[in-house]
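Dumped query27.txt below, it's compact mmCIF, C-alpha atoms and all ligand atoms:
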```txt
# COMPACT_ATOMS: atom_id res chain seq x y z
CA MET A 1 16.71 -17.52 3.24
CA ARG A 2 15.70 -19.66 0.27
CA THR A 3 13.75 -19.52 -2.99
CA PRO A 4 9.98 -19.91 -2.51
CA THR A 5 8.33 -22.92 -4.12
CA PRO A 6 5.61 -22.29 -6.75
CA GLY A 7 3.03 -23.37 -4.16
CA GLU A 8 4.38 -20.88 -1.60
CA LEU A 9 4.37 -18.06 -4.15
CA LEU A 10 0.77 -18.86 -4.99
CA ALA A 11 -0.21 -18.99 -1.29
CA VAL A 12 1.43 -15.61 -0.51
CA TRP A 13 -0.22 -14.09 -3.59
CA GLU A 14 -3.64 -15.39 -2.53
CA ASP A 15 -3.32 -14.60 1.20
CA THR A 16 -2.33 -10.97 0.60
CA THR A 17 -4.89 -10.09 -2.11
CA CYS A 18 -6.17 -6.92 -0.43
CA ARG A 19 -2.82 -5.85 1.05
CA THR A 20 -0.32 -3.19 0.00
CA TYR A 21 2.80 -4.09 -2.01
CA LEU A 22 4.86 -3.71 1.15
CA GLU A 23 2.68 -6.13 3.12
CA LYS A 24 2.71 -8.65 0.26
CA ILE A 25 6.52 -8.50 0.05
CA LEU A 26 6.89 -8.78 3.83
CA GLN A 27 4.80 -11.96 3.76
CA LEU A 28 7.02 -13.32 0.99
CA LEU A 29 10.12 -12.51 3.07
CA TYR A 30 8.56 -14.14 6.11
CA VAL A 31 7.84 -17.37 4.22
CA THR A 32 11.33 -17.50 2.71
CA SER A 33 13.31 -16.23 5.72
CA GLY A 34 13.99 -19.79 6.90
CA ASN A 35 13.91 -18.78 10.55
CA PRO A 36 10.55 -17.21 11.37
CA THR A 37 11.21 -17.27 15.12
CA ALA A 38 14.13 -14.85 14.76
CA CYS A 39 13.80 -11.09 14.20
CA THR A 40 10.82 -10.84 11.84
CA PRO A 41 11.10 -9.12 8.42
CA VAL A 42 8.92 -6.21 9.52
CA LEU A 43 11.65 -5.26 12.04
CA TRP A 44 14.61 -5.55 9.66
CA SER A 45 16.17 -2.26 8.61
CA ILE A 46 15.05 -1.11 5.15
CA GLY A 47 18.55 -1.75 3.82
CA GLU A 48 18.60 -5.32 5.16
CA ARG A 49 15.13 -5.92 3.71
CA ASP A 50 16.09 -4.59 0.28
CA ALA A 51 19.40 -6.50 0.21
CA ARG A 52 17.32 -9.67 0.69
CA LEU A 53 14.81 -8.60 -1.96
CA LEU A 54 17.61 -8.16 -4.49
CA GLN A 55 18.78 -11.70 -3.66
CA LEU A 56 15.25 -13.14 -3.91
CA ARG A 57 14.79 -11.36 -7.23
CA GLU A 58 17.99 -12.96 -8.57
CA TRP A 59 16.86 -16.41 -7.47
CA LEU A 60 13.36 -16.03 -8.90
CA PHE A 61 13.86 -14.07 -12.11
CA GLY A 62 17.61 -13.59 -12.70
CA SER A 63 19.91 -10.59 -12.32
CA GLN A 64 18.88 -8.42 -15.28
CA LEU A 65 16.62 -5.50 -14.30
CA ILE A 66 14.65 -3.51 -16.89
CA ASN A 67 12.44 -0.58 -15.92
CA LEU A 68 10.56 2.35 -17.44
CA VAL A 69 10.66 5.88 -16.05
CA HIS A 70 9.52 9.29 -17.25
CA CYS A 71 12.07 12.10 -17.59
CA PRO A 72 11.14 14.67 -14.88
CA GLN A 73 11.97 17.54 -17.26
CA CYS A 74 10.34 16.62 -20.62
CA ASN A 75 8.28 13.53 -19.63
CA GLU A 76 9.98 11.32 -22.24
CA LEU A 77 9.47 7.62 -21.39
CA ILE A 78 12.90 6.07 -20.85
CA GLU A 79 13.83 2.40 -20.51
CA TRP A 80 16.86 1.56 -18.39
CA GLU A 81 18.57 -1.76 -17.90
CA THR A 82 21.14 -2.88 -15.36
CA GLY A 83 22.17 -5.85 -13.19
CA THR A 84 21.21 -6.47 -9.57
CA ASP A 85 24.91 -6.12 -8.67
CA THR A 86 24.71 -2.41 -9.56
CA PHE A 87 22.26 -1.91 -6.72
CA ARG A 88 23.87 -4.21 -4.15
CA LEU A 89 25.56 -2.06 -1.51
CA GLN A 90 25.56 -4.68 1.25
CA ASN A 91 25.08 -8.42 1.66
CA TRP A 92 22.06 -9.74 3.55
CA GLN A 93 22.76 -11.15 7.00
CA GLN A 94 22.00 -14.70 8.08
CA GLN A 95 20.62 -13.56 11.45
CA PRO A 96 19.54 -9.92 11.18
CA GLU A 97 19.09 -8.19 14.52
CA VAL A 98 17.76 -4.84 15.59
CA GLN A 99 20.90 -2.84 16.39
CA LEU A 100 20.91 0.26 18.55
CA HIS A 101 23.05 3.23 17.59
CA SER A 102 23.86 6.46 19.38
CA ILE A 103 25.20 9.91 18.65
CA ALA A 104 26.35 12.72 20.91
CA THR A 105 26.23 16.40 19.93
CA ASP A 106 27.28 19.42 22.00
CA ASP A 107 24.16 19.27 24.16
CA CYS A 108 22.37 16.02 23.24
CA VAL A 109 22.79 12.27 23.42
CA VAL A 110 20.40 10.20 21.28
CA HIS A 111 19.95 6.42 21.14
CA PHE A 112 18.08 5.05 18.13
CA ARG A 113 17.58 2.14 15.74
CA LEU A 114 17.40 2.25 11.93
CA PRO A 115 14.01 2.70 10.18
CA ASN A 116 12.17 -0.53 9.36
CA SER A 117 9.08 -1.66 7.43
CA ASN A 118 6.93 -1.30 10.52
CA ASP A 119 7.66 2.44 10.43
CA MET A 120 6.67 2.51 6.74
CA LEU A 121 3.39 0.75 7.51
CA GLN A 122 2.64 3.30 10.24
CA VAL A 123 3.19 6.06 7.67
CA LEU A 124 0.71 4.31 5.36
CA TYR A 125 -1.94 4.00 8.02
CA GLN A 126 -1.28 7.02 10.28
CA GLU A 127 -3.70 9.82 10.96
CA ALA A 128 -1.71 12.84 9.77
CA TYR A 129 -0.46 14.38 13.01
CA LEU A 130 3.21 14.30 11.96
CA ASP A 131 4.86 14.47 8.56
CA ASP A 132 6.12 11.08 7.35
CA ALA A 133 9.82 11.74 7.94
CA SER A 134 9.21 13.04 11.48
CA LEU A 135 7.01 10.07 12.36
CA ILE A 136 9.71 7.63 11.25
CA LEU A 137 12.44 9.53 13.06
CA HIS A 138 10.45 9.76 16.31
CA ASN A 139 9.63 6.03 16.10
CA CYS A 140 13.32 5.16 15.80
CA ILE A 141 14.55 7.20 18.77
CA THR A 142 14.58 4.93 21.81
CA ALA A 143 16.09 7.35 24.36
CA ALA A 144 17.32 10.93 24.35
CA TRP A 145 18.91 13.52 26.65
CA HIS A 146 19.09 17.28 26.17
CA ASN A 147 21.50 19.22 28.43
CA GLY A 148 21.76 16.13 30.61
CA GLU A 149 17.98 15.80 31.10
CA PRO A 150 15.96 12.89 29.64
CA CYS A 151 13.58 14.06 26.91
CA VAL A 152 11.35 12.76 24.12
CA ALA A 153 12.16 13.05 20.40
CA ALA A 154 9.85 16.05 19.94
CA GLN A 155 11.92 18.03 22.50
CA LEU A 156 15.24 17.54 20.71
CA PRO A 157 16.71 20.51 18.78
CA GLN A 158 16.63 20.24 14.98
CA THR A 159 20.44 19.99 14.83
CA ALA A 160 20.31 16.74 16.83
CA LEU A 161 17.50 15.34 14.65
CA ASP A 162 19.46 16.26 11.51
CA ALA A 163 22.52 14.48 12.91
CA VAL A 164 20.45 11.32 13.58
CA ASN A 165 19.02 11.48 10.04
CA ALA A 166 22.48 11.82 8.49
CA TYR A 167 23.77 8.90 10.56
CA MET A 168 20.82 6.72 9.49
CA GLU A 169 21.34 7.48 5.80
CA ASP A 170 25.02 6.59 6.07
CA ALA A 171 24.45 3.42 8.13
CA ASP A 172 21.71 2.00 5.89
CA ARG A 173 22.71 3.08 2.38
CA GLN A 174 20.97 0.06 0.82
CA ALA A 175 17.68 1.64 1.92
CA ASP A 176 17.86 4.22 -0.88
CA ILE A 177 18.61 2.53 -4.21
CA ARG A 178 19.26 5.06 -7.00
CA ILE A 179 20.29 4.92 -10.63
CA GLN A 180 21.94 7.76 -12.57
CA LEU A 181 19.98 8.49 -15.77
CA THR A 182 20.34 10.82 -18.76
CA CYS A 183 17.31 11.64 -20.92
CA PRO A 184 18.08 10.96 -24.61
CA ALA A 185 15.54 13.60 -25.68
CA CYS A 186 16.55 16.63 -23.58
CA GLU A 187 19.84 15.42 -22.00
CA HIS A 188 18.54 16.10 -18.51
CA GLN A 189 20.50 14.12 -15.89
CA TRP A 190 19.06 12.92 -12.61
CA GLN A 191 19.11 10.14 -10.03
CA SER A 192 15.99 7.98 -10.14
CA HIS A 193 14.89 6.06 -7.04
CA PHE A 194 14.42 2.32 -7.61
CA ASP A 195 11.72 0.68 -5.50
CA ILE A 196 12.57 -3.02 -5.31
CA VAL A 197 9.39 -3.70 -3.28
CA SER A 198 6.89 -2.75 -6.01
CA TYR A 199 9.18 -3.90 -8.83
CA LEU A 200 9.54 -7.43 -7.42
CA TRP A 201 5.90 -7.78 -6.43
CA ILE A 202 4.68 -6.82 -9.93
CA GLU A 203 6.95 -9.56 -11.30
CA VAL A 204 5.65 -12.08 -8.74
CA ASP A 205 2.07 -11.12 -9.60
CA ASN A 206 2.70 -11.71 -13.33
CA ALA A 207 4.52 -14.99 -12.66
CA VAL A 208 1.72 -16.34 -10.46
CA LYS A 209 -0.97 -15.46 -13.02
CA HIS A 210 1.09 -17.16 -15.73
CA LEU A 211 1.53 -20.20 -13.48
CA LEU A 212 -2.23 -20.39 -12.87
CA GLN A 213 -2.88 -20.30 -16.63
CA GLU A 214 -0.39 -23.12 -17.22
CA THR A 215 -1.87 -25.11 -14.35
CA ALA A 216 -5.36 -24.78 -15.83
CA VAL A 217 -4.15 -25.98 -19.25
CA LEU A 218 -2.38 -29.01 -17.77
CA ALA A 219 -5.28 -29.87 -15.46
CA MET A 220 -7.74 -29.82 -18.35
CA ALA A 221 -5.43 -31.85 -20.61
CA PHE A 222 -4.27 -34.52 -18.16
CA GLY A 223 -6.75 -34.35 -15.26
CA TRP A 224 -3.95 -33.71 -12.74
CA THR A 225 -4.60 -31.85 -9.47
CA GLU A 226 -3.25 -28.35 -8.86
CA GLU A 227 -1.00 -29.74 -6.13
CA ALA A 228 0.52 -32.30 -8.51
CA ILE A 229 1.09 -29.69 -11.23
CA LEU A 230 2.71 -27.20 -8.85
CA ALA A 231 5.05 -29.94 -7.66
CA LEU A 232 6.42 -30.35 -11.21
CA SER A 233 9.74 -28.67 -12.00
CA PRO A 234 9.43 -25.74 -14.47
CA GLN A 235 11.24 -27.87 -17.06
CA ARG A 236 8.72 -30.73 -16.79
CA ARG A 237 5.81 -28.30 -16.81
CA GLN A 238 7.05 -26.69 -20.02
CA TYR A 239 7.65 -30.08 -21.63
CA TYR A 240 4.08 -31.23 -20.94
CA LEU A 241 2.74 -27.90 -22.23
CA GLN A 242 4.69 -28.40 -25.45
CA MET A 243 3.16 -31.89 -25.78
CA ILE A 244 -0.32 -30.35 -25.65
CA LYS A 245 0.55 -27.78 -28.32
CA ALA A 246 2.19 -30.38 -30.61
ZN ZN B 1 13.95 14.67 -20.96
```
Translate this file's structure into structure tokens.
Amino acid sequence: MRTPTPGELLAVWEDTTCRTYLEKILQLLYVTSGNPTACTPVLWSIGERDARLLQLREWLFGSQLINLVHCPQCNELIEWETGTDTFRLQNWQQQPEVQLHSIATDDCVVHFRLPNSNDMLQVLYQEAYLDDASLILHNCITAAWHNGEPCVAAQLPQTALDAVNAYMEDADRQADIRIQLTCPACEHQWQSHFDIVSYLWIEVDNAVKHLLQETAVLAMAFGWTEEAILALSPQRRQYYLQMIKA
């Protein structure tokens, strides 16, 4: 994995205009994965995906994270600040693979993989015939036996499904990033979920729009092409912009 170039960021931003945040981020991961023929980002576990997004965020915008959230009790708007290290529970892998896991209960054996972004996209686009959590769980179960007989996920007892869920949560803890918060107004304490997908894409969106504005200023001032301006290092770009303002 590597940092995207300004031109690549711009291309991903443009190519995914009408897509969801998740699809935009998956395209960014695909471009920066460095090995597109290997297991594609859409098949990485959510934890693997988010470990990589934390790394990409550090490379692109640094390690300091600032976010706003409303207190669920009194609706006070709270700003929190922390470092990416706070949220890093695992390192990203050079060659992520789809791993199969299995559990055995008193009467069941279940083989399954961890949830991935493809499951999340199915939730986004599904016709509601299953609740979201059940759809993801059923997607992930690759084989199952109940009392020695092969069965499908829908035929498994709830105790077996609960055991698979618990195993998944423990095996992919990076998939659920949380921060402990205390409201300064009412002192309510809670754990707030942090969505690195939307957080990073909003930053990319702002950065690309800023880059386009700078490119337009430089093109008008010097007559350079967009390609030539995007090839400049950020330092050179800023220096030329200062020359225009001087
Ligand atoms: Zn509050």
* To do: Pick out the closest residue to Thr159 in chain A from this set: A:Asn91, A:Gln99, A:Thr105, A:Asn75. Count only C-alpha atoms.
  => A:Thr105
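Using all atoms listed in the file, the smallest distance between any of A:Arg236, A:His70, A:Arg52, A:Lys209 and ligand ZN 1 (chain B) comes from A:His70.
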* CA of Gly47 in chain A to CA of Ala104 in chain A, straight-line distance in Å -> 23.7 Å
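Taking CA of Gly148 in chain A as the reference point, CA of Cys108 in chain A is found at 7.4 Å.
Neighbours of ligand ZN 1 (chain B) at a cut-off of 10 Å, computed so that all atoms listed in the file are counted, are the residues His70, Cys71, Pro72, Gln73, Cys74, Asn75, Glu76, Leu77, Ile78, Thr182, Cys183, Pro184, Ala185, Cys186, Glu187, His188, Gln189 and Trp190 of chain A.
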List the neighbours of Asp85 in chain A out to 10 Å using all atoms listed in the file; skip same-chain residues closer than 6 positions along the sequence, and give me the result as an mmCIF file with C-alpha atoms, in the frame of the given file.
```cif
data_model
loop_
_atom_site.group_PDB
_atom_site.id
_atom_site.type_symbol
_atom_site.label_atom_id
_atom_site.label_comp_id
_atom_site.auth_asym_id
_atom_site.auth_seq_id
_atom_site.Cartn_x
_atom_site.Cartn_y
_atom_site.Cartn_z
ATOM 1 C CA LEU A 54 17.610 -8.160 -4.490
ATOM 2 C CA GLN A 55 18.780 -11.700 -3.660
ATOM 3 C CA GLU A 58 17.990 -12.960 -8.570
ATOM 4 C CA SER A 63 19.910 -10.590 -12.320
ATOM 5 C CA GLN A 64 18.880 -8.420 -15.280
#
```
* Structure fact -> Using all atoms listed in the file, the best pick from A:Glu97, A:Leu211, A:His138, A:Phe87 as closest to Ser233 in chain A would be A:Leu211
* Could you state the separation of CA of Pro41 in chain A and CA of Ile25 in chain A in Å, given to one decimal place? -> 9.6 Å
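Residue neighbourhood of range 238-244 of chain A, excluding near-sequence residues (fewer than 5 positions): Glu214, Val217, Leu218 and Ala221 of chain A, at 8 Å, using only C-alpha atoms.
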Spatial neighbours of Thr215 in chain A, max dist 12 Å, all atoms listed in the file, sep filter under 4 positions, as a compact mmCIF listing (two decimals) with C-alpha atoms, in the coordinates of the input:
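Result saved to part33.txt:
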```
# COMPACT_ATOMS: atom_id res chain seq x y z
CA PRO A 6 5.61 -22.29 -6.75
CA GLY A 7 3.03 -23.37 -4.16
CA LEU A 10 0.77 -18.86 -4.99
CA VAL A 208 1.72 -16.34 -10.46
CA LYS A 209 -0.97 -15.46 -13.02
CA HIS A 210 1.09 -17.16 -15.73
CA LEU A 211 1.53 -20.20 -13.48
CA ALA A 219 -5.28 -29.87 -15.46
CA MET A 220 -7.74 -29.82 -18.35
CA ALA A 221 -5.43 -31.85 -20.61
CA PHE A 222 -4.27 -34.52 -18.16
CA GLY A 223 -6.75 -34.35 -15.26
CA TRP A 224 -3.95 -33.71 -12.74
CA THR A 225 -4.60 -31.85 -9.47
CA GLU A 226 -3.25 -28.35 -8.86
CA GLU A 227 -1.00 -29.74 -6.13
CA ALA A 228 0.52 -32.30 -8.51
CA ILE A 229 1.09 -29.69 -11.23
CA LEU A 230 2.71 -27.20 -8.85
CA ALA A 231 5.05 -29.94 -7.66
CA LEU A 232 6.42 -30.35 -11.21
CA PRO A 234 9.43 -25.74 -14.47
CA ARG A 237 5.81 -28.30 -16.81
CA GLN A 238 7.05 -26.69 -20.02
CA TYR A 240 4.08 -31.23 -20.94
CA LEU A 241 2.74 -27.90 -22.23
```
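Near Asp15 in chain A, within 12 Å and counting all atoms listed in the file, sit Glu8, Leu9, Leu10, Ala11, Val12, Cys18, Arg19, Thr20, Glu23, Lys24, Ile25, Gln27, Leu28 and Val31 of chain A; same-chain residues fewer than 3 positions away were not included.
Counting all atoms listed in the file, the residue from A:Asp170, A:Asp131, A:Glu149, A:Asp195 that sits nearest to Asp107 in chain A is A:Glu149.
For the set A:Ile179, A:Ala216, A:Leu43, A:Ala160, the residue with the smallest atom-to-atom gap to Pro96 in chain A is A:Leu43, counting all atoms listed in the file.
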